[in-house]
Each structure stands twice: as C-alpha cells, then as structure tokens.
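Here is the file upload_3.csv (CSV, C-alpha atoms).
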```
chain,number,residue,atom,x,y,z
A,1,MET,CA,71.0,52.6,17.4
A,2,SER,CA,71.9,55.4,15.0
A,3,ARG,CA,71.0,58.9,15.9
A,4,THR,CA,69.1,59.3,12.6
A,5,ARG,CA,66.8,56.5,13.5
A,6,GLU,CA,66.3,57.9,17.0
A,7,ALA,CA,65.9,61.5,16.1
A,8,PHE,CA,64.0,61.2,12.8
A,9,VAL,CA,62.9,57.8,11.6
A,10,LEU,CA,61.2,56.5,14.7
A,11,PRO,CA,59.3,59.6,15.8
A,12,LEU,CA,58.1,60.4,12.3
A,13,LEU,CA,57.0,56.7,11.7
A,14,PHE,CA,55.1,56.6,15.0
A,15,LEU,CA,53.6,60.1,14.3
A,16,THR,CA,52.4,58.9,10.9
A,17,VAL,CA,50.8,55.9,12.6
A,18,ALA,CA,49.2,58.3,15.0
A,19,LEU,CA,47.9,60.4,12.1
A,20,LEU,CA,46.6,57.6,10.0
A,21,GLY,CA,45.2,55.5,12.9
A,22,GLY,CA,42.0,57.6,13.2
A,23,LEU,CA,41.5,58.2,9.5
A,24,ARG,CA,38.2,56.8,8.0
A,25,VAL,CA,37.1,57.5,4.5
A,26,ALA,CA,33.3,57.5,4.1
A,27,ASP,CA,31.3,60.1,2.1
A,28,ARG,CA,33.6,62.5,3.8
A,29,ILE,CA,36.9,62.1,5.6
A,30,VAL,CA,36.6,61.5,9.4
A,31,LEU,CA,39.4,61.6,11.9
A,32,LEU,CA,38.3,59.5,14.9
A,33,PRO,CA,40.1,60.3,18.2
A,34,PRO,CA,41.2,57.2,20.1
A,35,PRO,CA,38.7,55.9,22.7
A,36,LEU,CA,39.9,55.9,26.3
A,37,PHE,CA,40.2,52.2,26.4
A,38,THR,CA,42.9,52.2,23.7
A,39,LEU,CA,45.1,54.2,26.2
A,40,VAL,CA,44.9,51.2,28.6
A,41,LEU,CA,45.7,48.8,25.8
A,42,ALA,CA,48.6,50.9,24.6
A,43,PHE,CA,50.0,51.2,28.1
A,44,LEU,CA,49.9,47.4,28.4
A,45,LEU,CA,51.6,46.9,25.0
A,46,VAL,CA,54.4,49.3,25.9
A,47,GLY,CA,54.8,47.3,29.2
A,48,VAL,CA,55.0,44.1,27.2
A,49,LEU,CA,57.6,45.6,24.9
A,50,VAL,CA,59.7,46.7,27.8
A,51,ARG,CA,59.4,43.4,29.7
A,52,SER,CA,60.4,41.4,26.6
A,53,GLY,CA,63.3,43.7,25.8
A,54,ALA,CA,61.9,44.8,22.5
A,55,LEU,CA,62.1,48.3,23.9
A,56,ALA,CA,65.0,49.2,26.1
A,57,PRO,CA,64.1,52.6,27.7
A,58,GLU,CA,67.6,52.7,29.2
A,59,ARG,CA,69.0,53.0,25.7
A,60,LEU,CA,66.8,56.0,25.1
A,61,MET,CA,67.0,57.8,28.5
A,62,SER,CA,69.8,57.5,31.0
A,63,ALA,CA,72.1,59.5,33.1
A,64,ALA,CA,75.0,58.7,30.7
A,65,ARG,CA,73.3,60.5,27.8
A,66,SER,CA,73.2,64.3,27.2
A,67,PRO,CA,70.0,66.2,28.1
A,68,LEU,CA,69.2,66.7,24.4
A,69,ALA,CA,69.6,63.0,23.7
A,70,ASN,CA,67.3,62.2,26.6
A,71,ILE,CA,64.7,64.5,25.3
A,72,SER,CA,65.0,62.9,21.9
A,73,GLY,CA,64.7,59.4,23.6
A,74,ALA,CA,61.6,60.6,25.5
A,75,VAL,CA,60.0,61.7,22.2
A,76,VAL,CA,60.5,58.2,20.8
A,77,ILE,CA,58.8,56.7,23.9
A,78,VAL,CA,55.9,59.2,23.8
A,79,THR,CA,55.3,58.8,20.1
A,80,ALA,CA,55.5,55.0,20.4
A,81,PHE,CA,52.7,55.2,23.0
A,82,ALA,CA,50.6,57.5,20.8
A,83,ALA,CA,51.1,55.2,17.8
A,84,ALA,CA,50.1,52.2,19.9
A,85,THR,CA,46.9,54.0,21.0
A,86,GLN,CA,46.1,54.7,17.4
A,87,ALA,CA,47.0,51.2,16.2
A,88,PHE,CA,44.4,49.9,18.6
A,89,ASN,CA,42.0,52.6,17.4
A,90,VAL,CA,42.4,51.0,13.9
A,91,ALA,CA,42.0,47.5,15.1
A,92,ILE,CA,38.9,47.9,17.3
A,93,PRO,CA,35.5,48.2,15.7
A,94,GLU,CA,33.7,51.5,16.3
A,95,SER,CA,30.4,50.4,17.8
A,96,GLY,CA,28.2,47.6,19.1
A,97,LEU,CA,29.0,44.2,20.4
A,98,PRO,CA,32.1,43.7,18.2
A,99,ARG,CA,33.7,46.7,20.0
A,100,LEU,CA,33.1,45.2,23.4
A,101,LEU,CA,34.3,41.7,22.3
A,102,PHE,CA,37.5,43.1,20.6
A,103,SER,CA,38.3,45.2,23.6
A,104,VAL,CA,38.0,42.3,26.0
A,105,PHE,CA,39.8,40.0,23.7
A,106,LEU,CA,42.8,42.3,23.2
A,107,LEU,CA,43.0,43.1,26.9
A,108,VAL,CA,43.1,39.4,27.9
A,109,LEU,CA,45.6,38.7,25.1
A,110,LEU,CA,48.0,41.5,26.2
A,111,ILE,CA,47.7,40.5,29.9
A,112,ASN,CA,48.5,36.9,28.9
A,113,THR,CA,51.5,38.0,26.8
A,114,PHE,CA,52.7,40.2,29.7
A,115,ALA,CA,52.4,37.2,32.1
A,116,ALA,CA,54.2,34.8,29.7
A,117,SER,CA,57.3,37.1,29.4
A,118,PRO,CA,58.3,36.1,25.9
A,119,ASP,CA,61.4,37.3,24.2
A,120,ARG,CA,61.6,40.1,21.7
A,121,VAL,CA,61.2,38.0,18.6
A,122,ARG,CA,58.1,36.2,20.0
A,123,VAL,CA,56.6,39.5,21.2
A,124,LEU,CA,57.0,41.1,17.8
A,125,ARG,CA,55.5,37.9,16.2
A,126,SER,CA,52.6,38.0,18.7
A,127,VAL,CA,52.0,41.7,18.0
A,128,LEU,CA,51.9,41.0,14.2
A,129,VAL,CA,49.4,38.2,14.8
A,130,ILE,CA,47.2,40.3,17.2
A,131,PHE,CA,46.9,43.2,14.7
A,132,GLY,CA,46.8,41.0,11.7
A,133,SER,CA,43.8,39.0,13.0
A,134,ALA,CA,42.1,42.1,14.3
A,135,PHE,CA,42.5,43.6,10.8
A,136,VAL,CA,41.0,40.6,9.1
A,137,LEU,CA,38.1,40.4,11.5
A,138,LYS,CA,37.3,44.1,11.3
A,139,PHE,CA,38.0,45.1,7.7
A,140,ILE,CA,37.0,41.8,6.0
A,141,VAL,CA,34.6,39.8,8.1
A,142,LEU,CA,32.7,42.6,9.9
A,143,ALA,CA,32.8,44.8,6.8
A,144,ALA,CA,31.3,42.0,4.8
A,145,LEU,CA,28.5,41.5,7.4
A,146,SER,CA,27.8,45.2,7.5
A,147,ASP,CA,27.6,45.6,3.7
A,148,PRO,CA,23.9,46.1,2.8
A,149,ALA,CA,24.6,44.8,-0.8
A,150,GLY,CA,26.0,41.6,0.7
A,151,GLY,CA,28.6,39.6,-1.2
A,152,TRP,CA,29.4,35.9,-1.2
A,153,LEU,CA,31.3,36.2,2.1
A,154,LYS,CA,28.2,37.7,3.8
A,155,ARG,CA,26.1,34.8,2.5
A,156,VAL,CA,28.6,32.2,3.8
A,157,LEU,CA,28.9,33.9,7.2
A,158,LEU,CA,25.1,34.2,7.6
A,159,ALA,CA,24.8,30.5,6.7
A,160,MET,CA,27.4,29.7,9.4
A,161,LEU,CA,25.8,32.0,12.0
A,162,GLU,CA,22.3,30.8,11.4
A,163,GLY,CA,19.8,32.6,13.6
A,164,LEU,CA,22.1,35.4,14.5
A,165,THR,CA,20.6,38.9,14.1
A,166,LEU,CA,23.1,41.5,12.7
A,167,GLY,CA,21.6,44.4,14.6
A,168,THR,CA,24.5,44.6,17.1
A,169,MET,CA,27.1,43.4,14.7
A,170,SER,CA,26.7,45.9,11.9
A,171,GLN,CA,29.3,48.6,11.6
A,172,GLU,CA,29.4,51.9,9.8
A,173,LEU,CA,30.4,51.2,6.2
A,174,TYR,CA,33.5,53.0,5.0
A,175,ARG,CA,35.1,53.2,1.6
A,176,PRO,CA,37.6,50.4,0.6
A,177,ALA,CA,40.4,53.1,1.0
A,178,THR,CA,39.9,52.9,4.7
A,179,GLY,CA,40.9,49.3,4.8
A,180,TYR,CA,44.0,49.9,2.7
A,181,LEU,CA,45.0,52.8,4.9
A,182,ALA,CA,44.5,50.7,8.0
A,183,PHE,CA,46.7,48.0,6.6
A,184,LEU,CA,49.4,50.5,5.8
A,185,THR,CA,49.1,52.0,9.3
A,186,LEU,CA,49.5,48.6,11.0
A,187,ILE,CA,52.4,47.6,8.8
A,188,LEU,CA,54.1,50.9,9.6
A,189,PHE,CA,53.4,50.4,13.3
A,190,VAL,CA,54.8,46.8,13.5
A,191,GLY,CA,57.8,47.9,11.4
A,192,ALA,CA,58.5,50.8,13.7
A,193,LEU,CA,58.3,48.5,16.7
A,194,ALA,CA,60.9,46.2,15.2
A,195,LEU,CA,63.2,49.3,14.8
A,196,LEU,CA,63.0,50.2,18.5
A,197,PRO,CA,66.2,49.9,20.5
A,198,SER,CA,66.2,46.6,22.2
A,199,ARG,CA,68.1,45.1,25.1
A,200,PRO,CA,71.1,43.3,23.7
A,201,ASP,CA,70.3,40.0,25.4
A,202,ALA,CA,66.8,40.3,24.1
A,203,LEU,CA,68.0,39.7,20.6
A,204,LEU,CA,68.6,36.0,21.5
A,205,PRO,CA,65.5,33.9,21.6
A,206,THR,CA,64.7,32.0,24.8
A,207,ARG,CA,65.1,28.2,24.8
A,208,TYR,CA,63.9,25.6,27.2
A,209,ASP,CA,66.8,23.9,29.0
A,210,PRO,CA,65.4,20.4,30.0
A,211,ARG,CA,68.3,19.7,32.5
A,212,ARG,CA,67.6,22.9,34.5
A,213,GLY,CA,63.9,22.9,33.8
A,214,GLU,CA,63.8,26.6,32.9
A,215,LEU,CA,64.0,29.1,30.0
A,216,GLU,CA,67.4,30.4,29.1
A,217,ARG,CA,68.8,32.8,26.4
B,218,MET,CA,75.8,67.0,10.6
B,219,ARG,CA,76.7,67.5,14.3
B,220,GLU,CA,74.8,65.3,16.8
B,221,SER,CA,73.2,68.2,18.6
B,222,THR,CA,72.1,69.8,15.3
B,223,ALA,CA,70.6,66.5,14.1
B,224,ARG,CA,68.8,65.9,17.4
B,225,THR,CA,67.4,69.5,17.6
B,226,LEU,CA,66.2,69.3,14.0
B,227,GLY,CA,64.5,65.9,14.8
B,228,LEU,CA,62.8,67.4,17.8
B,229,VAL,CA,61.6,70.5,15.8
B,230,LEU,CA,60.3,68.2,13.0
B,231,ALA,CA,58.5,65.9,15.5
B,232,ALA,CA,57.0,68.8,17.4
B,233,ALA,CA,55.7,70.4,14.2
B,234,TYR,CA,54.3,67.1,13.0
B,235,ALA,CA,52.6,66.4,16.3
B,236,VAL,CA,51.1,69.9,16.4
B,237,PHE,CA,49.8,69.4,12.8
B,238,ILE,CA,48.2,66.1,13.8
B,239,VAL,CA,46.5,67.6,16.9
B,240,TRP,CA,45.3,70.5,14.8
B,241,LEU,CA,43.8,68.1,12.2
B,242,TYR,CA,42.0,66.1,14.8
B,243,VAL,CA,40.6,69.3,16.4
B,244,ARG,CA,39.5,71.0,13.2
B,245,GLN,CA,38.3,67.8,11.4
B,246,PRO,CA,38.7,69.0,7.8
B,247,GLN,CA,36.6,66.8,5.5
B,248,THR,CA,38.3,67.5,2.2
B,249,VAL,CA,41.8,68.5,1.0
B,250,ALA,CA,40.3,72.0,0.1
B,251,GLU,CA,39.0,72.4,3.7
B,252,MET,CA,42.4,71.4,5.1
B,253,THR,CA,44.4,73.8,3.0
B,254,GLY,CA,41.8,76.5,3.5
B,255,ALA,CA,41.8,76.0,7.3
B,256,LEU,CA,45.6,76.1,7.3
B,257,SER,CA,45.8,79.4,5.4
B,258,ALA,CA,43.0,80.8,7.6
B,259,THR,CA,45.0,80.0,10.6
B,260,VAL,CA,47.8,82.2,9.4
B,261,GLY,CA,45.3,84.8,8.1
B,262,ALA,CA,46.0,84.2,4.4
B,263,TYR,CA,42.6,82.8,3.4
B,264,ARG,CA,40.7,84.8,0.7
B,265,ILE,CA,37.4,83.9,-1.0
B,266,ASP,CA,36.8,84.1,-4.7
B,267,ASP,CA,35.0,87.5,-5.0
B,268,ARG,CA,33.7,86.8,-8.4
B,269,ALA,CA,32.1,83.5,-7.5
B,270,PHE,CA,30.7,85.2,-4.4
B,271,ALA,CA,29.1,88.0,-6.5
B,272,ASP,CA,27.6,85.3,-8.8
B,273,GLY,CA,26.2,83.5,-5.7
B,274,LEU,CA,24.7,86.8,-4.4
B,275,ARG,CA,23.1,87.4,-7.8
B,276,PHE,CA,21.5,83.9,-7.9
B,277,PHE,CA,20.5,84.3,-4.2
B,278,ARG,CA,18.6,87.5,-4.9
B,279,GLY,CA,17.0,85.9,-7.9
B,280,ASP,CA,15.7,83.0,-5.7
B,281,GLN,CA,17.9,80.5,-7.6
B,282,PHE,CA,19.1,78.9,-4.4
B,283,ASP,CA,20.7,75.7,-5.7
B,284,ALA,CA,22.8,77.8,-8.2
B,285,ALA,CA,23.6,80.3,-5.4
B,286,ARG,CA,24.9,77.6,-3.2
B,287,LEU,CA,27.1,76.1,-6.0
B,288,ALA,CA,28.6,79.6,-6.5
B,289,PHE,CA,29.1,80.2,-2.8
B,290,ASP,CA,30.8,76.8,-2.5
B,291,ARG,CA,33.1,77.8,-5.3
B,292,ALA,CA,33.8,81.1,-3.6
B,293,ASP,CA,34.5,79.4,-0.2
B,294,PRO,CA,35.6,75.8,-0.8
B,295,ALA,CA,37.2,75.5,2.6
B,296,HIS,CA,34.1,76.8,4.5
B,297,GLN,CA,36.3,79.3,6.3
B,298,ASP,CA,34.4,82.6,5.4
B,299,SER,CA,31.6,83.3,7.9
B,300,ARG,CA,29.8,85.7,5.5
B,301,THR,CA,29.6,83.2,2.7
B,302,GLN,CA,28.5,80.4,5.1
B,303,PHE,CA,25.9,82.8,6.4
B,304,TYR,CA,24.5,83.3,2.9
B,305,ILE,CA,24.5,79.5,2.3
B,306,ALA,CA,22.5,79.1,5.5
B,307,TYR,CA,20.1,81.9,4.5
B,308,SER,CA,19.6,80.2,1.1
B,309,TYR,CA,18.5,77.0,2.9
B,310,TYR,CA,16.1,79.1,5.0
B,311,ARG,CA,14.6,80.8,2.0
B,312,GLN,CA,14.3,77.7,-0.1
B,313,GLY,CA,12.9,75.6,2.7
B,314,TRP,CA,10.4,78.2,3.9
B,315,GLY,CA,6.8,77.5,3.1
B,316,ARG,CA,3.6,79.3,3.8
B,317,VAL,CA,1.9,76.1,5.1
B,318,TYR,CA,5.0,74.1,6.2
B,319,ASN,CA,8.7,74.3,6.1
B,320,ASP,CA,11.1,71.8,4.5
B,321,ASP,CA,12.8,70.3,7.6
B,322,ALA,CA,15.7,68.8,5.7
B,323,LEU,CA,16.6,72.1,4.2
B,324,PHE,CA,16.2,73.9,7.5
B,325,ALA,CA,18.4,71.3,9.2
B,326,ARG,CA,21.1,71.9,6.6
B,327,GLY,CA,20.7,75.6,7.1
B,328,LEU,CA,21.3,75.1,10.8
B,329,GLU,CA,24.5,73.2,10.0
B,330,ALA,CA,25.7,76.0,7.7
B,331,VAL,CA,24.9,78.7,10.3
B,332,ASP,CA,26.8,76.8,12.9
B,333,ARG,CA,29.7,76.5,10.5
B,334,ALA,CA,29.5,80.3,10.0
B,335,VAL,CA,29.5,81.0,13.7
B,336,ALA,CA,32.4,78.6,14.3
B,337,VAL,CA,34.7,80.5,11.9
B,338,ALA,CA,33.5,84.0,12.7
B,339,PRO,CA,35.6,86.2,15.0
B,340,GLN,CA,34.2,85.9,18.5
B,341,GLY,CA,31.3,83.9,16.9
B,342,ARG,CA,29.5,87.1,15.9
B,343,ILE,CA,28.2,87.7,12.4
B,344,ALA,CA,26.4,90.8,11.2
B,345,VAL,CA,25.7,91.3,7.5
B,346,GLU,CA,24.6,94.7,6.3
B,347,ASP,CA,22.4,93.7,3.3
B,348,PRO,CA,19.1,95.6,2.8
B,349,ASP,CA,17.7,92.5,1.0
B,350,LEU,CA,17.8,90.5,4.2
B,351,GLN,CA,15.5,90.8,7.2
B,352,LEU,CA,17.6,88.5,9.4
B,353,ARG,CA,21.0,90.2,9.5
B,354,SER,CA,22.8,88.3,12.2
B,355,ALA,CA,23.6,84.7,12.7
B,356,ASP,CA,21.7,84.7,16.0
B,357,GLU,CA,18.4,85.8,14.3
B,358,LEU,CA,18.9,83.3,11.4
B,359,LYS,CA,19.7,80.5,13.7
B,360,ALA,CA,16.6,81.2,16.0
B,361,GLU,CA,14.4,81.4,12.9
B,362,LEU,CA,15.7,78.0,11.6
B,363,GLN,CA,15.3,76.4,15.0
B,364,ALA,CA,11.8,77.8,15.4
B,365,GLY,CA,11.0,76.3,11.9
B,366,LEU,CA,12.2,72.9,13.0
B,367,ARG,CA,10.2,72.9,16.3
B,368,ARG,CA,6.8,71.1,16.4
B,369,GLU,CA,4.2,73.1,18.4
B,370,LEU,CA,0.5,73.8,18.6
B,371,ALA,CA,0.9,77.1,16.9
B,372,ASP,CA,1.8,75.2,13.7
B,373,LEU,CA,-1.9,74.4,13.4
B,374,ASN,CA,-2.9,78.1,13.4
B,375,PRO,CA,-4.5,78.8,10.0
B,376,LEU,CA,-3.4,82.4,10.2
B,377,LYS,CA,0.1,81.1,9.6
B,378,VAL,CA,-0.5,81.3,5.9
B,379,PHE,CA,-0.3,85.1,6.1
B,380,ARG,CA,3.2,85.2,7.5
B,381,GLN,CA,6.0,86.5,5.3
B,382,ARG,CA,9.3,85.0,4.4
B,383,LYS,CA,12.2,87.0,5.9
```
Target encoding structure tokens, full file:
Amino acid sequence: MSRTREAFVLPLLFLTVALLGGLRVADRIVLLPPPLFTLVLAFLLVGVLVRSGALAPERLMSAARSPLANISGAVVIVTAFAAATQAFNVAIPESGLPRLLFSVFLLVLLINTFAASPDRVRVLRSVLVIFGSAFVLKFIVLAALSDPAGGWLKRVLLAMLEGLTLGTMSQELYRPATGYLAFLTLILFVGALALLPSRPDALLPTRYDPRRGELER
Amino acid sequence: MRESTARTLGLVLAAAYAVFIVWLYVRQPQTVAEMTGALSATVGAYRIDDRAFADGLRFFRGDQFDAARLAFDRADPAHQDSRTQFYIAYSYYRQGWGRVYNDDALFARGLEAVDRAVAVAPQGRIAVEDPDLQLRSADELKAELQAGLRRELADLNPLKVFRQRK
C-alpha cells in the first residue's frame, strides 16, 4: 500500500465518514453522536474485516515498521473504527421499534458473517448489501411512512401493512438533503473499506473443492 | 517528499481534522454562521456588529421587540455574544409579560436565549449595566422567566394585575 494512501487518503476518508455520519438536516443542522450500540456493531465489523483478510492489521502495525509508520497505521485502524461507528449511526433509525429491529438485525447479520468466514470480496459485497438495504429501508421506506403528507409509497405500504398503527414506526422527518448526505457517507465508507490494506492471500476468492470437501483459495 | 515528512504531515492533518469533528459535535452549531462564529470565538476573534446592536437597543427601548430581535440577530449571527443574547432573552420577557397572564411560548424562548447567553459568557456570569433594565443579571432574568412559566396558586391572586413589568 502506498504511503500516501495510508497517511492521507484513508484517515481523511474515514474521518469524513465520521463527520457526515451524524449529520441530519431538519429545520436546523443536527449532529447526532453515535449510540453506544453502534460501537458494538463497529467492533464486530472490524472483526469481520480482519478475519476475512479485508483488513490486514500486520500491514499497518508490526515490529518491522518504523514507530512513525506504526502510529500512522494505528490512525488508520482507529479512524476506520470511528467511521464504522458513524456508518451504523447513519444506517440505524433514530427511535422507536425500527431502531430496535435494525439493531438486532444488524447484530445477527454481522455475527453470521463472522461465523461464515467469507473472503475479502464476499465481505465487501456483504457490507455493501447490509448498508444499501439499511439505507433503502430507513431513508425511503421509513421516511415515506413518517411523512405526514404521505405520497404514493406511503399509501402502498399502508395497504400492504393493513391494520398496523404507525405510532411506533414514525421517525423524525428530515430534509431530503439528509438522505443524499447519508448515501454519500455510505459510499465513501464502503469505498474506503475497499482501499484498506488486505492480506495478500485474501485477494483470491475462496472456492469449494468437491474432492477435499472444503473451501480453498 | 521524504517518508517521515509525509507521515508526520498526515498525522497532523488527521489529528486536526479529528479535533475539528469532536469540537463540532460538542458545540453543535446549527448554521454555517454559528460554526464560523464559534470558531472565531474560540480563538478570541469574534466581534459583533456594533451598529446593528445599537439599532437593536433602540428598538428594544421603544418596545419594538420583534424588530429588536432581528437587529440583535444581525449583530450576533453566531450567538456567541452573551450581552446580545441577554438582550434577546430580555426582549422575549418584556414581550411575553402580561398583567393577567404571560405568553408561555415567548417565555420559553426567552429561557432558551438566556441559557445560550450563560453558555457563552465567561464563567457563566452576565451583568449588564443598563439603567433601563431592572433585571441586570442573567440569574435574575432566568429566575423571572422560570417563575413566569410556573403554574401555582398565586397565579389566581387578583392583586397580580398591579404588578409591574421589570
């Protein structure tokens, strides 16, 4: 990995995600600090990245590197953790039943991914799907349900969920800019994850060998 | 560029950016004006618009409270000057004060403004030497606003109509 990427690109990308992750635009600008649970999710995600080889900590910090290079590597890991925390802050709704459901869903999904030990490419795809689906559910489906004016999507959803009261589903309504910023934040985050130094063997996808009955690279 | 120079520069940039982000989340500026104002206040370079403040004071003394607040907001767009915020809070108090009942919404906004004033005042202490005011400190003003928002039996006292606005 080039030193420019390690010293400048990755920390600044991750810090930008950390900045934008809590940004909500309503009548005023609000900066929401991450809930404690997002720390747990971020910790699990970093664990999944390390296990899959998408993040190779030994390429950022090791006895073979100079102290300055190790500090620089530590900054990448710490900022990646902060960015992961804020990415979950973007993805999880702020209140009510959806917050609980999203939190449990993401926790189970991450534990499942951790247990499955997929390779780097599959983990990055999985992260893209996790954050992409969370974005759609929060900023399109839930936002439509919470909109007091109510568009066609709200009518369709209400017809599908006949009998459901929206008291515990409604979320605080933000300006459309919040959704665009959230999208940008998640794209930056997934892009930065793809730039992380990976284990060399993790670049090869795993394949099932029917003769030996196990996964191999 | 040498490797150590590049890495040091990267660390300094990342540290400065991280400090800026933490500062933003702690201060919670709500507009760009508030953010730039709070930044300049941090380094002691924030100045209010004296002319707009004088206009606000003139409107305030003439009981034109809405106009006064507009002028005060122009004078202190970043809400970083404790004296201006004190006058904004006072304008809510005077406008919301009533002989029979107070306007709770205006008193609540006054309370928000006085809290803002205290938050940016050195050691949280505000004392304004203005002979036109009877409440010359943030503590007195805040207590008056809080008392106005409280519901109590004394509210039904008919002699209340003889009280004076401060």
Subject >> Distance-based interface of chain A with chain B, 10 Å, counting all atoms listed in the file, as JSON, numbers by chain >> reply: {"A": [3, 4, 5, 6, 7, 8, 9, 10, 11, 12, 14, 15, 16, 18, 19, 20, 22, 23, 25, 26, 27, 28, 29, 30, 31, 32, 33, 66, 68, 69, 71, 72, 73, 75, 76, 79]}
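Between atom CA of Met252 of chain B and atom CA of Asp332 of chain B the separation is 18.3 Å.
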**OP:** Might you pull out every residue within 8 Å of segment 317-320 of chain B, with only C-alpha atoms counted and same-chain residues fewer than 6 positions away left off, and present them as number ranges by chain?
**Re:** B: 365-366, 377-378
Phe270 of chain B: which residues within 8 Å, counting all atoms listed in the file, same-chain residues fewer than 2 positions away excluded, as a CSV table (one decimal) with C-alpha atoms, keeping the file's coordinate frame?
```csv
chain,number,residue,atom,x,y,z
B,265,ILE,CA,37.4,83.9,-1.0
B,266,ASP,CA,36.8,84.1,-4.7
B,267,ASP,CA,35.0,87.5,-5.0
B,268,ARG,CA,33.7,86.8,-8.4
B,272,ASP,CA,27.6,85.3,-8.8
B,273,GLY,CA,26.2,83.5,-5.7
B,274,LEU,CA,24.7,86.8,-4.4
B,288,ALA,CA,28.6,79.6,-6.5
B,289,PHE,CA,29.1,80.2,-2.8
B,291,ARG,CA,33.1,77.8,-5.3
B,292,ALA,CA,33.8,81.1,-3.6
B,301,THR,CA,29.6,83.2,2.7
```
Subject >> Close residues, Leu142 of chain A itself excluded, 9 Å, all atoms listed in the file, min 3 positions apart in chain, as a ChimeraX atom specification >> reply: /A:93,98,136-139,145-147,169-171
Subject >> Close residues, Pro35 of chain A itself excluded, 10 Å, only C-alpha atoms, min 4 positions apart in chain, as a list in words >> reply: Leu39, Val40, Thr85, Gln86, Phe88, Asn89, Ile92 and Glu94 of chain A
Original post:
So which one's closest to Ala360 of chain B, B:Val331, B:Asn374, B:Ala336, B:Phe379? Using only C-alpha atoms, please.
Top reply: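 Counting only C-alpha atoms, the residue closest to Ala360 of chain B is B:Val331.
Proximity to Gln363 of chain B was assessed for B:Ala258, B:Leu376, B:Ser308, B:Ala325 counting all atoms listed in the file; the smallest distance is recorded for B:Ala325.
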Original post:
Near Tyr309 of chain B, counting only C-alpha atoms, which residues have an atom at most 12 Å away, once you skip same-chain residues fewer than 3 positions from it, shown as JSON, numbers by chain?
Top reply: {"B": [277, 280, 281, 282, 283, 284, 285, 286, 302, 303, 304, 305, 306, 312, 313, 314, 315, 319, 320, 321, 322, 323, 324, 325, 326, 327, 328, 329, 330, 331, 358, 359, 361, 362, 365]}
Original post:
Mind pulling up the distance from atom CA of Ile140 of chain A to atom CA of Leu49 of chain A?
Top reply: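 A separation of 28.2 Å between them.
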Original post:
How far is it from atom CA of Glu172 of chain A to atom CA of Ser95 of chain A, in Å with one decimal?
Top reply: 8.2 Å
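The list of residues within 10 Å of (50.3, 50.7, 8.7), counted using all atoms listed in the file, is Leu13, Phe14, Thr16, Val17, Ala18, Leu20, Gly21, Ala87, Val90, Tyr180, Leu181, Ala182, Phe183, Leu184, Thr185, Leu186, Ile187, Leu188, Phe189, Val190, Gly191 and Ala192 of chain A.
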**OP:** Rank nothing, just name the residue among A:Arg175, A:Arg122, A:Pro148, A:Leu193 nearest to Phe81 of chain A, using only C-alpha atoms.
**Re:** A:Leu193
